[in-house]
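Containing mmCIF, C-alpha atoms: start_38.cif.
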```cif
data_upload
#
loop_
_atom_site.label_atom_id
_atom_site.label_comp_id
_atom_site.auth_asym_id
_atom_site.auth_seq_id
_atom_site.Cartn_x
_atom_site.Cartn_y
_atom_site.Cartn_z
CA MET A 255 201.46 -0.67 -29.88
CA PHE A 256 203.90 -1.34 -27.04
CA ASP A 257 207.24 -2.84 -28.12
CA GLY A 258 209.06 -2.43 -24.83
CA PHE A 259 210.89 0.31 -22.98
CA PRO A 260 214.16 1.53 -24.45
CA GLN A 261 217.29 0.54 -22.54
CA GLU A 262 217.87 4.24 -21.87
CA MET A 263 214.97 4.18 -19.42
CA ILE A 264 217.13 2.59 -16.72
CA GLY A 265 219.92 5.07 -17.32
CA PHE A 266 217.53 7.97 -16.88
CA LEU A 267 216.04 6.59 -13.65
CA LEU A 268 219.52 6.06 -12.22
CA SER A 269 220.60 9.53 -13.26
CA ILE A 270 217.63 11.17 -11.53
CA ARG A 271 218.35 9.11 -8.41
CA PHE A 272 221.82 10.62 -8.13
CA ASN A 273 221.00 14.05 -9.56
CA ASN A 274 217.66 14.65 -7.90
CA SER A 275 217.09 18.32 -8.59
CA THR A 276 214.78 20.48 -10.63
CA ALA A 277 217.69 21.92 -12.58
CA TYR A 278 218.87 18.46 -13.66
CA PHE A 279 215.39 17.32 -14.63
CA GLN A 280 214.70 20.42 -16.69
CA ALA A 281 217.98 19.90 -18.55
CA HIS A 282 216.98 16.29 -19.31
CA ARG A 283 213.21 16.63 -19.73
CA GLU A 284 213.24 15.39 -23.33
CA GLU A 285 215.00 12.18 -22.23
CA TYR A 286 212.25 11.62 -19.66
CA GLU A 287 209.51 12.18 -22.23
CA ARG A 288 211.12 9.91 -24.81
CA PHE A 289 212.55 7.08 -22.71
CA VAL A 290 210.12 6.95 -19.77
CA LYS A 291 206.79 8.75 -20.07
CA ARG A 292 205.80 7.86 -23.64
CA PRO A 293 206.54 4.13 -23.35
CA LEU A 294 204.93 4.07 -19.88
CA TYR A 295 201.73 5.46 -21.35
CA ALA A 296 201.96 2.97 -24.21
CA LEU A 297 202.26 0.06 -21.76
CA CYS A 298 199.28 1.36 -19.82
CA GLU A 299 197.20 1.48 -22.99
CA ALA A 300 198.31 -2.03 -23.98
CA LEU A 301 197.19 -3.41 -20.59
CA ALA A 302 193.89 -1.52 -20.54
CA PRO A 303 191.81 -4.35 -22.13
CA VAL A 304 192.71 -6.92 -19.46
CA VAL A 305 192.25 -4.40 -16.64
CA GLN A 306 188.76 -3.51 -17.86
CA GLU A 307 188.03 -7.21 -18.27
CA ILE A 308 188.71 -7.60 -14.55
CA ASP A 309 186.71 -4.51 -13.56
CA PRO A 310 185.09 -2.30 -16.22
CA ASP A 311 184.88 0.60 -13.74
CA LEU A 312 188.63 0.88 -13.26
CA ASP A 313 190.25 3.98 -14.71
CA THR A 314 192.69 3.01 -17.45
CA ARG A 315 193.56 6.48 -18.75
CA PRO A 316 197.36 6.85 -18.64
CA ALA A 317 197.12 10.36 -17.22
CA GLY A 318 194.92 9.05 -14.42
CA VAL A 319 196.80 5.92 -13.35
CA CYS A 320 200.46 6.33 -14.38
CA SER A 321 202.91 7.77 -11.87
CA ARG A 322 204.25 11.26 -12.24
CA LEU A 323 207.96 11.73 -11.83
CA ARG A 324 207.49 14.77 -9.62
CA ARG A 325 206.75 13.83 -6.02
CA ASP A 326 204.37 15.57 -3.62
CA THR A 327 206.73 16.27 -0.72
CA ARG A 328 204.38 18.35 1.43
CA PHE A 329 203.74 15.57 3.94
CA SER A 330 206.94 13.57 3.51
CA ARG A 331 210.23 13.70 5.37
CA ASP A 332 211.95 12.85 2.11
CA LYS A 333 212.09 16.11 0.17
CA SER A 334 213.63 14.63 -2.98
CA PRO A 335 211.60 16.24 -5.76
CA TYR A 336 211.62 13.28 -8.18
CA ARG A 337 211.00 9.54 -8.09
CA ASP A 338 213.62 7.10 -9.36
CA HIS A 339 210.94 4.59 -10.42
CA VAL A 340 207.66 4.40 -12.32
CA TRP A 341 204.38 2.63 -11.70
CA ILE A 342 200.86 2.10 -12.94
CA GLY A 343 198.18 1.82 -10.26
CA TRP A 344 194.69 1.05 -11.54
CA ARG A 345 191.85 2.45 -9.43
CA TYR A 346 188.47 4.13 -9.74
CA ALA A 347 188.61 7.73 -10.94
CA GLY A 348 189.14 10.05 -7.98
CA GLU A 349 189.86 7.21 -5.55
CA PRO A 350 192.84 7.88 -3.23
CA ARG A 351 195.63 5.31 -3.56
CA SER A 352 195.89 5.12 0.23
CA GLU A 353 192.40 3.62 0.47
CA ILE A 354 192.36 0.95 -2.21
CA PHE A 355 193.18 -2.68 -2.79
CA GLY A 356 194.14 -2.56 -6.44
CA LEU A 357 196.16 -3.83 -9.37
CA TYR A 358 199.61 -2.44 -10.09
CA TRP A 359 202.81 -2.66 -12.14
CA ASP A 360 206.10 -0.95 -11.33
CA ALA A 361 209.73 -0.72 -12.41
CA TYR A 362 212.88 0.40 -10.61
CA PRO A 363 216.39 0.51 -12.04
CA GLU A 364 217.03 -2.86 -10.35
CA SER A 365 213.73 -4.72 -10.69
CA SER A 366 210.16 -4.84 -11.90
CA SER A 367 207.07 -6.25 -10.20
CA TRP A 368 203.32 -6.42 -10.58
CA GLY A 369 200.45 -7.74 -8.57
CA CYS A 370 197.42 -6.90 -6.47
CA GLY A 371 197.21 -5.39 -3.03
CA ALA A 372 196.92 -2.45 -0.68
CA TYR A 373 198.99 0.70 -0.91
CA GLY A 374 199.05 0.98 2.89
CA GLU A 375 197.42 -0.34 6.04
CA ASN A 376 193.62 -0.25 6.21
CA LYS A 377 192.34 -1.71 9.46
CA PRO A 378 188.59 -1.59 8.67
CA VAL A 379 189.09 -3.56 5.46
CA MET A 380 191.40 -6.07 7.12
CA ASP A 381 188.94 -6.49 10.01
CA ALA A 382 186.20 -7.18 7.46
CA LEU A 383 188.49 -9.71 5.77
CA ARG A 384 189.32 -11.46 9.04
CA ALA A 385 185.65 -11.75 9.96
CA ARG A 386 184.77 -13.12 6.52
CA MET A 387 187.59 -15.67 6.52
CA LEU A 388 186.42 -16.98 9.89
CA GLU A 389 182.81 -17.27 8.71
CA HIS A 390 183.52 -18.54 5.19
CA PRO A 391 187.13 -19.75 4.95
CA GLU A 392 186.31 -21.74 1.81
CA GLU A 393 186.01 -18.55 -0.24
CA MET A 394 189.59 -17.35 0.27
CA LEU A 395 190.92 -20.91 0.16
CA ALA A 396 189.36 -21.32 -3.29
CA ILE A 397 191.16 -18.17 -4.47
CA LEU A 398 194.55 -19.13 -3.05
CA ASN A 399 194.35 -22.74 -4.26
CA ALA A 400 193.14 -21.97 -7.79
CA PRO A 401 195.48 -23.54 -10.40
CA ASP A 402 196.21 -20.13 -11.97
CA PHE A 403 197.10 -18.64 -8.57
CA LYS A 404 198.79 -21.22 -6.36
CA GLY A 405 202.58 -21.10 -6.52
CA ARG A 406 202.64 -18.08 -8.84
CA PHE A 407 202.39 -15.25 -6.30
CA VAL A 408 204.11 -14.25 -3.07
CA LEU A 409 202.35 -12.73 -0.05
CA GLU A 410 203.93 -9.59 1.43
CA GLY A 411 202.94 -7.06 4.09
CA PRO A 412 203.52 -6.10 7.75
CA ASP A 413 202.33 -8.44 10.51
CA TYR A 414 200.75 -7.79 13.87
CA LYS A 415 203.11 -8.96 16.61
CA LYS A 416 200.47 -9.94 19.15
CA LEU A 417 197.29 -10.62 17.22
CA ALA A 418 195.63 -13.85 18.36
CA VAL A 419 194.80 -16.10 15.42
CA PRO A 420 191.73 -18.28 16.11
CA ASP A 421 192.42 -22.00 16.25
CA ALA A 422 189.49 -22.66 13.94
CA LEU A 423 191.12 -20.80 11.05
CA PRO A 424 192.68 -23.08 8.41
CA GLU A 425 196.49 -23.08 8.43
CA ALA A 426 196.71 -21.68 4.89
CA LEU A 427 194.83 -18.53 5.93
CA ARG A 428 196.80 -17.77 9.09
CA PRO A 429 199.55 -15.67 7.44
CA LEU A 430 196.89 -13.54 5.75
CA TYR A 431 194.83 -13.16 8.92
CA ASN A 432 197.83 -11.71 10.76
CA LYS A 433 198.52 -8.93 8.21
CA LYS A 434 198.00 -5.20 8.81
CA GLY A 435 197.79 -4.85 5.05
CA PHE A 436 199.02 -7.08 2.24
CA TYR A 437 199.74 -7.56 -1.43
CA PHE A 438 200.60 -10.45 -3.74
CA HIS A 439 203.24 -10.08 -6.44
CA GLN A 440 204.68 -12.42 -9.04
CA ALA A 441 206.84 -15.19 -7.62
CA THR A 442 209.64 -15.04 -10.21
CA ASP A 443 212.94 -13.19 -9.99
CA ALA A 444 212.26 -9.43 -10.13
CA GLU A 445 215.66 -8.79 -11.71
CA GLN A 446 214.95 -11.28 -14.47
CA ASP A 447 211.48 -9.83 -14.90
CA LEU A 448 213.10 -6.45 -15.42
CA GLU A 449 214.48 -7.76 -18.71
CA LEU A 450 210.92 -8.31 -19.93
CA ILE A 451 210.17 -4.60 -19.95
CA PHE A 452 212.52 -4.14 -22.90
CA SER A 453 210.21 -6.18 -25.14
CA GLY A 454 206.52 -6.39 -25.89
CA ARG A 455 206.40 -9.77 -24.13
CA ILE A 456 205.79 -7.94 -20.85
CA VAL A 457 202.20 -7.24 -21.97
CA GLU A 458 201.35 -10.93 -22.36
CA ARG A 459 203.04 -11.87 -19.07
CA VAL A 460 201.44 -9.13 -16.96
CA SER A 461 198.05 -9.68 -18.59
CA ARG A 462 198.16 -13.37 -17.71
CA ASP A 463 199.05 -12.65 -14.09
CA LEU A 464 196.47 -9.89 -13.65
CA ARG A 465 193.76 -12.25 -14.88
CA ALA A 466 194.88 -14.80 -12.29
CA LEU A 467 194.67 -12.09 -9.60
CA GLY A 468 191.21 -10.98 -10.71
CA PRO A 469 189.24 -13.14 -8.23
CA LEU A 470 191.35 -11.85 -5.32
CA TYR A 471 190.88 -8.26 -6.48
CA ARG A 472 187.09 -8.64 -6.72
CA TYR A 473 186.92 -10.37 -3.33
CA MET A 474 188.84 -7.54 -1.67
CA ARG A 475 186.60 -4.97 -3.34
CA ARG A 476 183.74 -6.67 -1.52
CA MET A 477 185.67 -6.32 1.75
CA GLN A 478 186.09 -2.60 1.07
CA GLU A 479 182.35 -2.29 0.57
CA ALA A 480 181.70 -4.25 3.78
CA ALA A 481 184.07 -1.98 5.72
CA GLY A 482 182.21 1.13 4.58
CA PRO A 483 183.64 4.58 3.78
CA ARG A 484 186.94 5.50 5.34
CA GLU A 485 187.89 8.89 6.75
CA ARG A 486 189.44 10.81 3.87
CA ARG A 487 193.21 11.31 4.02
CA TRP A 488 195.72 13.02 1.82
CA ASP A 489 196.76 10.76 -1.04
CA ARG A 490 200.55 10.65 -0.92
#
```
Starting from the coordinates I provided, produce the structure as structure tokens.
Amino acid sequence: MFDGFPQEMIGFLLSIRFNNSTAYFQAHREEYERFVKRPLYALCEALAPVVQEIDPDLDTRPAGVCSRLRRDTRFSRDKSPYRDHVWIGWRYAGEPRSEIFGLYWDAYPESSSWGCGAYGENKPVMDALRARMLEHPEEMLAILNAPDFKGRFVLEGPDYKKLAVPDALPEALRPLYNKKGFYFHQATDAEQDLELIFSGRIVERVSRDLRALGPLYRYMRRMQEAAGPRERRWDR
């Protein structure tokens, strides 16, 4: 049963941000296990039923979908060995994060967020989405205008600077059409939402929002299938 993260979680994440070294982590490993990893796994298990309700094929094993504190720095300019945040990213077993449009939850020392979207840019999937929205705009409009969705989530993601948006596209779909990649997250104050992680109420809140995002998630899975397999890349 998940009763919330301990307050010490934030202190540990801040301490690793400013003492980002193997020596420091090894000296404080038990704090990480107790205040971060164990409750993170417990939250993941508590959210597993709603995630599998949305897509039974999604991996919900904590070891498979929860972030590790140790970073893979082989292909990164940032050589800091440890993250100062945690996340859960639900995906199919063995599926690279860089290629998916999935469900997620995360927490930083300053904020917490959750939602549905792409880890990075994926032009084939976005091209498939643009073509589908032009042919059947009513499908995405129904998702965005659903009572459980409208007004509860915020669209984020980088835009093309010179992409021509067809005049025939409904106004509500134009911001989405212009994205290189995108995600929707909860529309409330992330700092206030951070307070929720210290109680079990976060399970009910995130479960409700993930259910509301389910139709968008399933629609984008169809776009991934329409785009076909993508050239395999390292999963950072």
Picked residues, the PyMOL selection byres ((chain A and resi 305-320) around 10), expected as a CSV table (one decimal) with C-alpha atoms, keeping the file's coordinate frame:
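File produced: result01.csv:
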```
chain,number,residue,atom,x,y,z
A,291,LYS,CA,206.8,8.8,-20.1
A,292,ARG,CA,205.8,7.9,-23.6
A,294,LEU,CA,204.9,4.1,-19.9
A,295,TYR,CA,201.7,5.5,-21.4
A,296,ALA,CA,202.0,3.0,-24.2
A,297,LEU,CA,202.3,0.1,-21.8
A,298,CYS,CA,199.3,1.4,-19.8
A,299,GLU,CA,197.2,1.5,-23.0
A,300,ALA,CA,198.3,-2.0,-24.0
A,301,LEU,CA,197.2,-3.4,-20.6
A,302,ALA,CA,193.9,-1.5,-20.5
A,303,PRO,CA,191.8,-4.4,-22.1
A,304,VAL,CA,192.7,-6.9,-19.5
A,321,SER,CA,202.9,7.8,-11.9
A,322,ARG,CA,204.2,11.3,-12.2
A,323,LEU,CA,208.0,11.7,-11.8
A,340,VAL,CA,207.7,4.4,-12.3
A,341,TRP,CA,204.4,2.6,-11.7
A,342,ILE,CA,200.9,2.1,-12.9
A,343,GLY,CA,198.2,1.8,-10.3
A,344,TRP,CA,194.7,1.0,-11.5
A,345,ARG,CA,191.8,2.4,-9.4
A,346,TYR,CA,188.5,4.1,-9.7
A,347,ALA,CA,188.6,7.7,-10.9
A,348,GLY,CA,189.1,10.0,-8.0
A,349,GLU,CA,189.9,7.2,-5.6
A,351,ARG,CA,195.6,5.3,-3.6
A,356,GLY,CA,194.1,-2.6,-6.4
A,357,LEU,CA,196.2,-3.8,-9.4
A,358,TYR,CA,199.6,-2.4,-10.1
A,359,TRP,CA,202.8,-2.7,-12.1
A,360,ASP,CA,206.1,-1.0,-11.3
A,461,SER,CA,198.0,-9.7,-18.6
A,464,LEU,CA,196.5,-9.9,-13.6
A,465,ARG,CA,193.8,-12.2,-14.9
A,466,ALA,CA,194.9,-14.8,-12.3
A,467,LEU,CA,194.7,-12.1,-9.6
A,468,GLY,CA,191.2,-11.0,-10.7
A,469,PRO,CA,189.2,-13.1,-8.2
A,471,TYR,CA,190.9,-8.3,-6.5
A,472,ARG,CA,187.1,-8.6,-6.7
```
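Across the model, the gap from atom CA of Asp413 of chain A to atom CA of Lys434 of chain A is 5.7 Å.
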**Item:** Selection near segment 271-277 of chain A, 9 Å with all atoms listed in the file, sequence-local residues under 2 positions removed, as a list in words
**Value:** Phe266, Leu267, Leu268, Ser269, Phe279, Gln280, Ala281, His282, Ser334, Pro335, Tyr336, Arg337, Asp338 and His339 of chain A
Please identify all polymer residues within 12 Å of Pro412 of chain A, counting all atoms listed in the file, omitting same-chain residues fewer than 3 positions from it, and present them as a compact mmCIF listing (two decimals) with C-alpha atoms, in the frame of the given file.
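What follows is the written file part.txt:
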```txt
# COMPACT_ATOMS: atom_id res chain seq x y z
CA ALA A 372 196.92 -2.45 -0.68
CA TYR A 373 198.99 0.70 -0.91
CA GLY A 374 199.05 0.98 2.89
CA GLU A 375 197.42 -0.34 6.04
CA ASN A 376 193.62 -0.25 6.21
CA LEU A 409 202.35 -12.73 -0.05
CA LYS A 415 203.11 -8.96 16.61
CA PRO A 429 199.55 -15.67 7.44
CA LEU A 430 196.89 -13.54 5.75
CA TYR A 431 194.83 -13.16 8.92
CA ASN A 432 197.83 -11.71 10.76
CA LYS A 433 198.52 -8.93 8.21
CA LYS A 434 198.00 -5.20 8.81
CA GLY A 435 197.79 -4.85 5.05
CA PHE A 436 199.02 -7.08 2.24
CA TYR A 437 199.74 -7.56 -1.43
```
**Asked** Using only C-alpha atoms, which of the listed residues (A:Glu410, A:Asp381, A:Glu285, A:Pro293) sits closest to Gly258 of chain A?
**Response** A:Pro293
With the PyMOL selection byres ((chain A and resi 259) around 9) as the selection, what would be picked from this file? Answer as a short mmCIF file (atom, residue, chain, number, x, y, z; two decimals) with C-alpha atoms, keeping the file's coordinate frame, please.
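This went into selection-v9.cif:
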```
data_model
loop_
_atom_site.label_atom_id
_atom_site.label_comp_id
_atom_site.auth_asym_id
_atom_site.auth_seq_id
_atom_site.Cartn_x
_atom_site.Cartn_y
_atom_site.Cartn_z
CA PHE A 256 203.90 -1.34 -27.04
CA ASP A 257 207.24 -2.84 -28.12
CA GLY A 258 209.06 -2.43 -24.83
CA PRO A 260 214.16 1.53 -24.45
CA GLN A 261 217.29 0.54 -22.54
CA GLU A 262 217.87 4.24 -21.87
CA MET A 263 214.97 4.18 -19.42
CA PHE A 289 212.55 7.08 -22.71
CA VAL A 290 210.12 6.95 -19.77
CA PRO A 293 206.54 4.13 -23.35
CA LEU A 294 204.93 4.07 -19.88
CA LEU A 297 202.26 0.06 -21.76
CA ILE A 451 210.17 -4.60 -19.95
CA PHE A 452 212.52 -4.14 -22.90
CA SER A 453 210.21 -6.18 -25.14
CA GLY A 454 206.52 -6.39 -25.89
#
```
**Prompt:** atom CA of Glu353 of chain A and atom CA of Met477 of chain A, how far apart in Å?
**Reply:** 12.1 Å
Can you pull segment 376-402 of chain A out of that block with N, CA and C atoms and hand it back as a PDB file, in the first residue's frame?
```
ATOM      1  N   ASN A 376       9.682  12.685 -32.961  1.00  0.00           N
ATOM      2  CA  ASN A 376       9.526  11.492 -33.781  1.00  0.00           C
ATOM      3  C   ASN A 376       8.765  11.901 -35.036  1.00  0.00           C
ATOM      4  N   LYS A 377       9.492  12.300 -36.056  1.00  0.00           N
ATOM      5  CA  LYS A 377       8.870  12.857 -37.257  1.00  0.00           C
ATOM      6  C   LYS A 377       7.924  11.892 -37.962  1.00  0.00           C
ATOM      7  N   PRO A 378       8.263  10.606 -38.129  1.00  0.00           N
ATOM      8  CA  PRO A 378       7.312   9.711 -38.797  1.00  0.00           C
ATOM      9  C   PRO A 378       5.961   9.627 -38.096  1.00  0.00           C
ATOM     10  N   VAL A 379       5.977   9.574 -36.761  1.00  0.00           N
ATOM     11  CA  VAL A 379       4.721   9.504 -36.027  1.00  0.00           C
ATOM     12  C   VAL A 379       3.947  10.815 -36.154  1.00  0.00           C
ATOM     13  N   MET A 380       4.648  11.931 -36.061  1.00  0.00           N
ATOM     14  CA  MET A 380       3.971  13.219 -36.181  1.00  0.00           C
ATOM     15  C   MET A 380       3.446  13.434 -37.597  1.00  0.00           C
ATOM     16  N   ASP A 381       4.162  12.955 -38.601  1.00  0.00           N
ATOM     17  CA  ASP A 381       3.659  13.043 -39.981  1.00  0.00           C
ATOM     18  C   ASP A 381       2.394  12.213 -40.142  1.00  0.00           C
ATOM     19  N   ALA A 382       2.384  11.015 -39.515  1.00  0.00           N
ATOM     20  CA  ALA A 382       1.180  10.179 -39.560  1.00  0.00           C
ATOM     21  C   ALA A 382       0.016  10.868 -38.852  1.00  0.00           C
ATOM     22  N   LEU A 383       0.309  11.542 -37.741  1.00  0.00           N
ATOM     23  CA  LEU A 383      -0.726  12.275 -37.013  1.00  0.00           C
ATOM     24  C   LEU A 383      -1.270  13.429 -37.849  1.00  0.00           C
ATOM     25  N   ARG A 384      -0.371  14.183 -38.481  1.00  0.00           N
ATOM     26  CA  ARG A 384      -0.825  15.320 -39.285  1.00  0.00           C
ATOM     27  C   ARG A 384      -1.735  14.853 -40.425  1.00  0.00           C
ATOM     28  N   ALA A 385      -1.334  13.771 -41.090  1.00  0.00           N
ATOM     29  CA  ALA A 385      -2.146  13.255 -42.192  1.00  0.00           C
ATOM     30  C   ALA A 385      -3.518  12.799 -41.697  1.00  0.00           C
ATOM     31  N   ARG A 386      -3.542  12.144 -40.542  1.00  0.00           N
ATOM     32  CA  ARG A 386      -4.805  11.645 -39.996  1.00  0.00           C
ATOM     33  C   ARG A 386      -5.717  12.786 -39.568  1.00  0.00           C
ATOM     34  N   MET A 387      -5.149  13.823 -38.953  1.00  0.00           N
ATOM     35  CA  MET A 387      -5.967  14.952 -38.511  1.00  0.00           C
ATOM     36  C   MET A 387      -6.575  15.681 -39.696  1.00  0.00           C
ATOM     37  N   LEU A 388      -5.857  15.728 -40.818  1.00  0.00           N
ATOM     38  CA  LEU A 388      -6.408  16.375 -42.006  1.00  0.00           C
ATOM     39  C   LEU A 388      -7.543  15.547 -42.602  1.00  0.00           C
ATOM     40  N   GLU A 389      -7.385  14.222 -42.579  1.00  0.00           N
ATOM     41  CA  GLU A 389      -8.393  13.346 -43.174  1.00  0.00           C
ATOM     42  C   GLU A 389      -9.601  13.153 -42.268  1.00  0.00           C
ATOM     43  N   HIS A 390      -9.325  13.029 -40.950  1.00  0.00           N
ATOM     44  CA  HIS A 390     -10.407  12.793 -39.990  1.00  0.00           C
ATOM     45  C   HIS A 390     -10.215  13.682 -38.752  1.00  0.00           C
ATOM     46  N   PRO A 391     -10.401  14.986 -38.899  1.00  0.00           N
ATOM     47  CA  PRO A 391     -10.195  15.887 -37.760  1.00  0.00           C
ATOM     48  C   PRO A 391     -11.136  15.611 -36.595  1.00  0.00           C
ATOM     49  N   GLU A 392     -12.273  15.019 -36.879  1.00  0.00           N
ATOM     50  CA  GLU A 392     -13.269  14.774 -35.826  1.00  0.00           C
ATOM     51  C   GLU A 392     -12.749  13.825 -34.751  1.00  0.00           C
ATOM     52  N   GLU A 393     -11.810  12.947 -35.111  1.00  0.00           N
ATOM     53  CA  GLU A 393     -11.303  11.985 -34.137  1.00  0.00           C
ATOM     54  C   GLU A 393     -10.522  12.682 -33.022  1.00  0.00           C
ATOM     55  N   MET A 394      -9.550  13.516 -33.400  1.00  0.00           N
ATOM     56  CA  MET A 394      -8.768  14.216 -32.388  1.00  0.00           C
ATOM     57  C   MET A 394      -9.604  15.277 -31.678  1.00  0.00           C
ATOM     58  N   LEU A 395     -10.518  15.915 -32.393  1.00  0.00           N
ATOM     59  CA  LEU A 395     -11.385  16.893 -31.745  1.00  0.00           C
ATOM     60  C   LEU A 395     -12.228  16.243 -30.656  1.00  0.00           C
ATOM     61  N   ALA A 396     -12.681  15.027 -30.895  1.00  0.00           N
ATOM     62  CA  ALA A 396     -13.481  14.317 -29.884  1.00  0.00           C
ATOM     63  C   ALA A 396     -12.644  14.044 -28.639  1.00  0.00           C
ATOM     64  N   ILE A 397     -11.365  13.732 -28.826  1.00  0.00           N
ATOM     65  CA  ILE A 397     -10.474  13.479 -27.684  1.00  0.00           C
ATOM     66  C   ILE A 397     -10.246  14.764 -26.896  1.00  0.00           C
ATOM     67  N   LEU A 398      -9.903  15.839 -27.590  1.00  0.00           N
ATOM     68  CA  LEU A 398      -9.571  17.093 -26.920  1.00  0.00           C
ATOM     69  C   LEU A 398     -10.777  17.758 -26.272  1.00  0.00           C
ATOM     70  N   ASN A 399     -11.965  17.505 -26.808  1.00  0.00           N
ATOM     71  CA  ASN A 399     -13.170  18.152 -26.287  1.00  0.00           C
ATOM     72  C   ASN A 399     -13.958  17.275 -25.320  1.00  0.00           C
ATOM     73  N   ALA A 400     -13.449  16.078 -25.024  1.00  0.00           N
ATOM     74  CA  ALA A 400     -14.142  15.206 -24.074  1.00  0.00           C
ATOM     75  C   ALA A 400     -14.225  15.884 -22.709  1.00  0.00           C
ATOM     76  N   PRO A 401     -15.331  15.746 -21.991  1.00  0.00           N
ATOM     77  CA  PRO A 401     -15.496  16.416 -20.696  1.00  0.00           C
ATOM     78  C   PRO A 401     -14.381  16.096 -19.698  1.00  0.00           C
ATOM     79  N   ASP A 402     -13.860  14.871 -19.724  1.00  0.00           N
ATOM     80  CA  ASP A 402     -12.800  14.494 -18.788  1.00  0.00           C
ATOM     81  C   ASP A 402     -11.428  15.031 -19.188  1.00  0.00           C
TER      82      ASP A 402
END
```
